Every structure is written in structure tokens, then in C-alpha cells.
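*Asks:* Structure file entry_6.cif, mmCIF, C-alpha atoms, is pasted below:
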```cif
data_query
#
loop_
_atom_site.group_PDB
_atom_site.id
_atom_site.type_symbol
_atom_site.label_atom_id
_atom_site.label_comp_id
_atom_site.auth_asym_id
_atom_site.auth_seq_id
_atom_site.Cartn_x
_atom_site.Cartn_y
_atom_site.Cartn_z
ATOM 1 C CA MET V 31 0.000 0.000 0.000
ATOM 2 C CA SER V 32 1.399 3.334 -1.009
ATOM 3 C CA GLN V 33 1.780 6.281 1.326
ATOM 4 C CA ALA V 34 -0.856 8.258 -0.651
ATOM 5 C CA ASN V 35 -3.443 5.463 -0.322
ATOM 6 C CA PHE V 36 -2.692 5.127 3.371
ATOM 7 C CA GLN V 37 -3.108 8.884 3.873
ATOM 8 C CA GLU V 38 -6.414 8.803 1.963
ATOM 9 C CA LEU V 39 -7.669 5.926 4.146
ATOM 10 C CA LEU V 40 -6.689 7.827 7.284
ATOM 11 C CA LYS V 41 -8.475 10.936 5.995
ATOM 12 C CA GLN V 42 -11.645 8.966 5.228
ATOM 13 C CA ALA V 43 -11.561 7.304 8.652
ATOM 14 C CA ALA V 44 -11.157 10.686 10.350
ATOM 15 C CA GLU V 45 -14.069 12.129 8.339
ATOM 16 C CA ARG V 46 -16.287 9.163 9.271
ATOM 17 C CA GLU V 47 -15.348 9.594 12.930
ATOM 18 C CA GLU V 48 -16.134 13.316 12.815
ATOM 19 C CA ALA V 49 -19.494 12.585 11.175
ATOM 20 C CA ARG V 50 -20.252 9.949 13.824
ATOM 21 C CA GLN V 51 -19.377 12.369 16.628
ATOM 22 C CA ALA V 52 -21.439 15.158 15.064
ATOM 23 C CA SER V 53 -24.377 12.777 14.725
ATOM 24 C CA GLU V 54 -24.061 11.694 18.367
ATOM 25 C CA ILE V 55 -23.936 15.310 19.521
ATOM 26 C CA ALA V 56 -26.969 16.199 17.403
ATOM 27 C CA ASP V 57 -28.874 13.168 18.750
ATOM 28 C CA ALA V 58 -28.013 14.100 22.333
ATOM 29 C CA GLN V 59 -29.109 17.703 21.780
ATOM 30 C CA LEU V 60 -32.317 16.512 20.150
ATOM 31 C CA GLU V 61 -33.057 14.403 23.224
ATOM 32 C CA VAL V 62 -32.516 17.472 25.419
ATOM 33 C CA VAL V 63 -34.810 19.595 23.238
ATOM 34 C CA THR V 64 -37.490 16.900 23.224
ATOM 35 C CA ALA V 65 -37.284 16.432 26.998
ATOM 36 C CA THR V 66 -37.437 20.202 27.499
ATOM 37 C CA PHE V 67 -40.503 20.419 25.258
ATOM 38 C CA ASP V 68 -42.181 17.557 27.142
ATOM 39 C CA ARG V 69 -41.527 19.256 30.482
ATOM 40 C CA ALA V 70 -42.660 22.643 29.181
ATOM 41 C CA THR V 71 -45.860 21.090 27.872
ATOM 42 C CA ALA V 72 -46.535 19.328 31.176
ATOM 43 C CA TYR V 73 -45.818 22.520 33.143
ATOM 44 C CA SER V 74 -48.003 24.705 30.940
ATOM 45 C CA ASN V 75 -50.797 22.112 31.133
ATOM 46 C CA LEU V 76 -50.584 22.209 34.923
ATOM 47 C CA ILE V 77 -50.719 26.007 34.944
ATOM 48 C CA ILE V 78 -53.617 26.051 32.480
ATOM 49 C CA LEU V 79 -55.578 23.453 34.457
ATOM 50 C CA GLY V 80 -54.946 25.475 37.621
ATOM 51 C CA GLY V 81 -56.144 28.566 35.779
ATOM 52 C CA TYR V 82 -59.308 26.802 34.692
ATOM 53 C CA ALA V 83 -59.968 25.739 38.280
ATOM 54 C CA GLY V 84 -59.376 29.322 39.424
ATOM 55 C CA TYR V 85 -61.771 30.565 36.754
ATOM 56 C CA PHE V 86 -64.557 28.333 38.020
ATOM 57 C CA GLY V 87 -63.861 29.456 41.577
ATOM 58 C CA LEU V 88 -63.993 33.097 40.521
ATOM 59 C CA TRP V 89 -67.171 32.377 38.554
ATOM 60 C CA GLN V 90 -68.801 31.087 41.744
ATOM 61 C CA LEU V 91 -67.856 34.288 43.563
ATOM 62 C CA THR V 92 -68.989 36.672 40.826
ATOM 63 C CA LYS V 93 -71.926 34.982 39.111
ATOM 64 C CA ASP V 94 -74.478 36.924 41.170
ATOM 65 C CA HIS V 95 -72.845 40.199 40.122
ATOM 66 C CA LEU V 96 -72.580 39.452 36.402
ATOM 67 C CA THR V 97 -74.839 40.986 33.820
ATOM 68 C CA LYS V 98 -76.112 38.608 31.166
ATOM 69 C CA GLN V 99 -73.708 40.230 28.686
ATOM 70 C CA GLN V 100 -70.700 39.763 31.018
ATOM 71 C CA ALA V 101 -71.631 36.140 31.703
ATOM 72 C CA LEU V 102 -71.966 35.376 28.010
ATOM 73 C CA TRP V 103 -68.699 37.105 27.043
ATOM 74 C CA SER V 104 -66.799 35.432 29.836
ATOM 75 C CA ALA V 105 -68.243 32.033 28.940
ATOM 76 C CA LEU V 106 -67.527 32.513 25.223
ATOM 77 C CA LEU V 107 -63.923 33.546 25.815
ATOM 78 C CA PHE V 108 -63.386 30.726 28.224
ATOM 79 C CA LEU V 109 -65.036 28.253 25.850
ATOM 80 C CA ALA V 110 -62.594 29.316 23.110
ATOM 81 C CA SER V 111 -59.683 28.783 25.477
ATOM 82 C CA LEU V 112 -60.931 25.442 26.691
ATOM 83 C CA ALA V 113 -61.689 24.248 23.155
ATOM 84 C CA ALA V 114 -58.164 25.113 21.975
ATOM 85 C CA PHE V 115 -56.684 23.314 24.982
ATOM 86 C CA VAL V 116 -58.816 20.192 24.514
ATOM 87 C CA ILE V 117 -58.106 20.076 20.764
ATOM 88 C CA PHE V 118 -54.388 20.294 21.523
ATOM 89 C CA GLU V 119 -54.552 17.519 24.119
ATOM 90 C CA VAL V 120 -56.572 15.210 21.843
ATOM 91 C CA THR V 121 -54.154 15.898 18.982
ATOM 92 C CA LYS V 122 -51.221 15.158 21.295
ATOM 93 C CA MET V 123 -52.859 11.888 22.322
ATOM 94 C CA VAL V 124 -53.300 10.896 18.647
ATOM 95 C CA VAL V 125 -49.714 11.861 17.744
ATOM 96 C CA ILE V 126 -48.284 9.887 20.670
ATOM 97 C CA GLN V 127 -50.459 6.864 19.920
ATOM 98 C CA LYS V 128 -49.462 6.956 16.248
ATOM 99 C CA GLY V 129 -45.782 7.068 17.246
ATOM 100 C CA VAL V 130 -46.163 4.145 19.627
ATOM 101 C CA MET V 131 -48.049 2.096 17.022
ATOM 102 C CA SER V 132 -45.395 2.869 14.374
ATOM 103 C CA GLN V 133 -42.637 1.794 16.730
ATOM 104 C CA ALA V 134 -44.513 -1.382 17.637
ATOM 105 C CA ALA V 135 -44.960 -2.175 13.932
ATOM 106 C CA VAL V 136 -41.222 -1.795 13.369
ATOM 107 C CA LEU V 137 -40.435 -4.002 16.358
ATOM 108 C CA ARG V 138 -42.886 -6.687 15.149
ATOM 109 C CA SER V 139 -41.537 -6.641 11.600
ATOM 110 C CA PRO V 140 -40.241 -10.134 10.706
ATOM 111 C CA GLU V 141 -37.269 -8.662 8.834
ATOM 112 C CA ALA V 142 -36.294 -6.510 11.808
ATOM 113 C CA ARG V 143 -36.666 -9.408 14.229
ATOM 114 C CA LYS V 144 -34.225 -11.501 12.200
ATOM 115 C CA ASN V 145 -31.635 -8.871 11.331
ATOM 116 C CA PRO V 146 -30.311 -6.367 13.907
ATOM 117 C CA GLN V 147 -28.979 -4.123 11.137
ATOM 118 C CA ALA V 148 -32.425 -4.000 9.513
ATOM 119 C CA LEU V 149 -33.981 -3.218 12.895
ATOM 120 C CA LEU V 150 -31.560 -0.350 13.484
ATOM 121 C CA LYS V 151 -32.153 0.995 9.987
ATOM 122 C CA LYS V 152 -35.943 0.889 10.441
ATOM 123 C CA LEU V 153 -35.732 2.508 13.884
ATOM 124 C CA GLU V 154 -33.479 5.237 12.516
ATOM 125 C CA ALA V 155 -35.930 5.944 9.669
ATOM 126 C CA LEU V 156 -38.812 5.997 12.130
ATOM 127 C CA GLY V 157 -36.835 8.335 14.384
ATOM 128 C CA GLN V 158 -36.363 10.771 11.509
ATOM 129 C CA VAL V 159 -40.104 10.736 10.777
ATOM 130 C CA GLN V 160 -40.847 11.303 14.456
ATOM 131 C CA VAL V 161 -38.412 14.221 14.647
ATOM 132 C CA ARG V 162 -40.199 15.952 11.755
ATOM 133 C CA SER V 163 -43.559 15.232 13.385
ATOM 134 C CA SER V 164 -42.291 16.534 16.711
ATOM 135 C CA ASN V 165 -41.096 19.770 15.092
ATOM 136 C CA ARG V 166 -44.531 20.357 13.545
ATOM 137 C CA PHE V 167 -46.182 19.515 16.851
ATOM 138 C CA MET V 168 -44.008 22.037 18.732
ATOM 139 C CA ARG V 169 -45.247 24.764 16.377
ATOM 140 C CA PHE V 170 -48.836 23.593 16.971
ATOM 141 C CA TRP V 171 -48.195 23.874 20.721
ATOM 142 C CA VAL V 172 -47.080 27.494 20.327
ATOM 143 C CA VAL V 173 -50.212 28.329 18.311
ATOM 144 C CA THR V 174 -52.348 26.609 20.944
ATOM 145 C CA MET V 175 -50.752 28.626 23.741
ATOM 146 C CA VAL V 176 -51.295 31.838 21.769
ATOM 147 C CA LEU V 177 -54.989 30.947 21.488
ATOM 148 C CA THR V 178 -55.527 29.415 24.916
ATOM 149 C CA VAL V 179 -53.858 31.876 27.273
ATOM 150 C CA PRO V 180 -55.176 35.239 25.982
ATOM 151 C CA THR V 181 -58.761 34.027 25.647
ATOM 152 C CA ALA V 182 -58.681 32.534 29.137
ATOM 153 C CA LEU V 183 -57.188 35.721 30.564
ATOM 154 C CA ALA V 184 -59.824 37.791 28.776
ATOM 155 C CA GLY V 185 -62.568 35.583 30.211
ATOM 156 C CA VAL V 186 -61.094 35.937 33.685
ATOM 157 C CA GLY V 187 -60.739 39.677 33.069
ATOM 158 C CA VAL V 188 -64.476 39.945 32.460
ATOM 159 C CA LEU V 189 -65.091 38.159 35.766
ATOM 160 C CA GLY V 190 -62.526 40.331 37.533
ATOM 161 C CA TRP V 191 -64.159 43.456 36.179
ATOM 162 C CA ALA V 192 -67.551 42.223 37.393
ATOM 163 C CA PHE V 193 -66.020 41.503 40.785
ATOM 164 C CA VAL V 194 -64.540 45.010 41.034
ATOM 165 C CA ALA V 195 -67.784 46.561 39.789
ATOM 166 C CA GLY V 196 -69.659 44.530 42.437
ATOM 167 C CA LEU V 197 -67.364 45.925 45.134
ATOM 168 C CA ALA V 198 -67.976 49.465 43.941
ATOM 169 C CA LYS V 199 -71.750 49.178 44.391
#
```
Would it be possible to restate this file's structure as C-alpha cells?

*Replies:*
Amino acid sequence: MSQANFQELLKQAAEREEARQASEIADAQLEVVTATFDRATAYSNLIILGGYAGYFGLWQLTKDHLTKQQALWSALLFLASLAAFVIFEVTKMVVIQKGVMSQAAVLRSPEARKNPQALLKKLEALGQVQVRSSNRFMRFWVVTMVLTVPTALAGVGVLGWAFVAGLAK
């Protein structure tokens, strides 16, 4: 083997190693981003559910002081918020279930059960599909928060205004 061929082989091996390391770093960062998103979603769901509970508590305190118009506006705004939240949660449930079913199908595949390389290849392809799906879902989450939070706050604002107006009487 000539020196030039040996140098070329070393260069190719170094490039493959760099690509492997870059891929591992990207995978690790993707896991961090996904875990952060999952925690952020769980935290925001907890806050939103607490807000909904607070809304119903405030409703109980103010319902006798609400005009029909205030009650209807508050209910409409809150309905919009709740609908956006429920649609998001149902969509999340469907996306998660689809991912689990896709993974189960890969794991049950006869080819994958016989050949570890085929299994890894199928799991990698599935992982790429799930990453794209997860990216779209993160954008959907942002849109949902933009719809859910302001409408809920506006609905609570109507109740708060009624509460303050009731105190002023």
C-alpha cells in the first residue's frame, strides 16, 4: 500500500469519525430539546388546568354580580380557550399513539426481528419521521398557547371586572 493510499484511508476514517461524533452530539441535543418540550408542555398544562380551576372558583364568587352580557362574554372567551386546549390535548394523544403504534410495527416486523442491522435501519428511519412530526407539533403547541392563554385571561378579566364593579356598588 502506497503512502498516498494510506493517507487517503486515514483521511476517510477521520471524516467518518467526525461525522459519527457530530451525529451523536446532534442526537443528544435533540433528546434534550425533546425532553425540554415535554416538560414545558406538562408545566403549561398544569398552569392552564390550575387557571381553569381558578376561573370556576372566581365564577362562583362573581356569578351573582354578572350581567347577562358579562356572563356570556366570559363564557364565550373561556369556551374558546378550553376548546383550543382540549383540541391540543386530543391531537397530542393521537400523535403519541401513532408514534407508539409505528414503533410497535417496526419491532414486530419479521425482517427486523431476524436482522439487527435491519432493525436499526428501520428505527433510525422511524426516528427521523418522528423528529419531523415533533417539530410540527411544537409549532402547533405554540399556536395553541397563543390561542388558549389570551382568551382565558380575557374571560377571567371579564369576571374580575364584574367583581370590582360589584365591590364598587

*Asks:* How far is it from atom CA of Leu79 of chain V to atom CA of Met131 of chain V, in Å with one decimal?

*Replies:*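 Pair atom CA of Leu79 of chain V / atom CA of Met131 of chain V returns 28.6 Å.
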
*Asks:* The PyMOL selection byres ((chain V and resi 92) around 12) - which residues does that actually catch in the file I just gave you? List them as a ChimeraX atom specification.

*Replies:* /V:85-91,93-97,100-101,104,186-197

*Asks:* Looking at all atoms listed in the file, which of V:Gln147, V:Lys152, V:Met123, V:Val161 is the one that sits closest to Ala135 of chain V?

*Replies:*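 Of the candidates, the smallest distance to Ala135 of chain V is held by V:Lys152.
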
*Asks:* Give me, please, the distance in Å between atom CA of Arg69 of chain V and atom CA of Gln51 of chain V, quoted to one decimal.

*Replies:*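 Spanning atom CA of Arg69 of chain V to atom CA of Gln51 of chain V is a straight-line distance of 27.0 Å.
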
*Asks:* Could you check which of V:Gly157, V:Gly129, V:Pro140, V:Gly81 is closest to Phe108 of chain V, using only C-alpha atoms?

*Replies:* V:Gly81

*Asks:* Any idea what the distance is between atom CA of Phe167 of chain V and atom CA of Ala105 of chain V?

*Replies:* 28.1 Å

*Asks:* Select, from V:Thr71, V:Ala198, V:Glu38, V:Pro146, the residue with the minimum atom-to-atom distance to Thr174 of chain V, counting only C-alpha atoms.

*Replies:*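 Selected residue with least distance to Thr174 of chain V: V:Thr71.
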
*Asks:* Need to verify the contact set: Asn75 of chain V, 9 Å, only C-alpha atoms, exclusion of same-chain residues closer than 5 positions in sequence. Can you return it as a PDB file with C-alpha atoms, in the coordinates of the input?

*Replies:*
```pdb
ATOM      1  CA  ALA V  70     -42.660  22.643  29.181  1.00  0.00           C
ATOM      2  CA  GLY V  80     -54.946  25.475  37.621  1.00  0.00           C
ATOM      3  CA  PHE V 115     -56.684  23.314  24.982  1.00  0.00           C
TER       4      PHE V 115
END
```

*Asks:* For segment 97-103 of chain V, take all atoms listed in the file, fit an axis-aligned box around them, add 5 Å to each of the six sides, then output centre and edge lengths in Å rounded to one decimal, as AutoDock Vina command-line options.

*Replies:*
```
--center_x -72.4 --center_y 38.2 --center_z 30.4 --size_x 17.4 --size_y 15.6 --size_z 16.8
```

*Asks:* Give me the residues near Asp68 of chain V as a list in words, where near means some atom within 12 Å (using all atoms listed in the file) and where sequence neighbours in that chain fewer than 2 positions away do not count.

*Replies:*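 The residues satisfying every condition are Glu61, Val62, Val63, Thr64, Ala65, Thr66, Ala70, Thr71, Ala72, Tyr73, Ser74, Asn75, Lys122, Ile126, Ser164, Phe167, Met168 and Trp171 of chain V.
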
*Asks:* I'd like the contact shell of Ser139 of chain V - 12 Å cut-off, only C-alpha atoms, skipping same-chain residues fewer than 4 positions apart - returned as an MDAnalysis selection string.

*Replies:* chainID V and resid 132:135 143:146 148:150 152:153

*Asks:* Taking the file above as input, evaluate the PyMOL selection byres ((chain V and resi 175-182) around 6) and report the hits as a ChimeraX atom specification.

*Replies:* /V:107-108,111,114,172-174,183-185
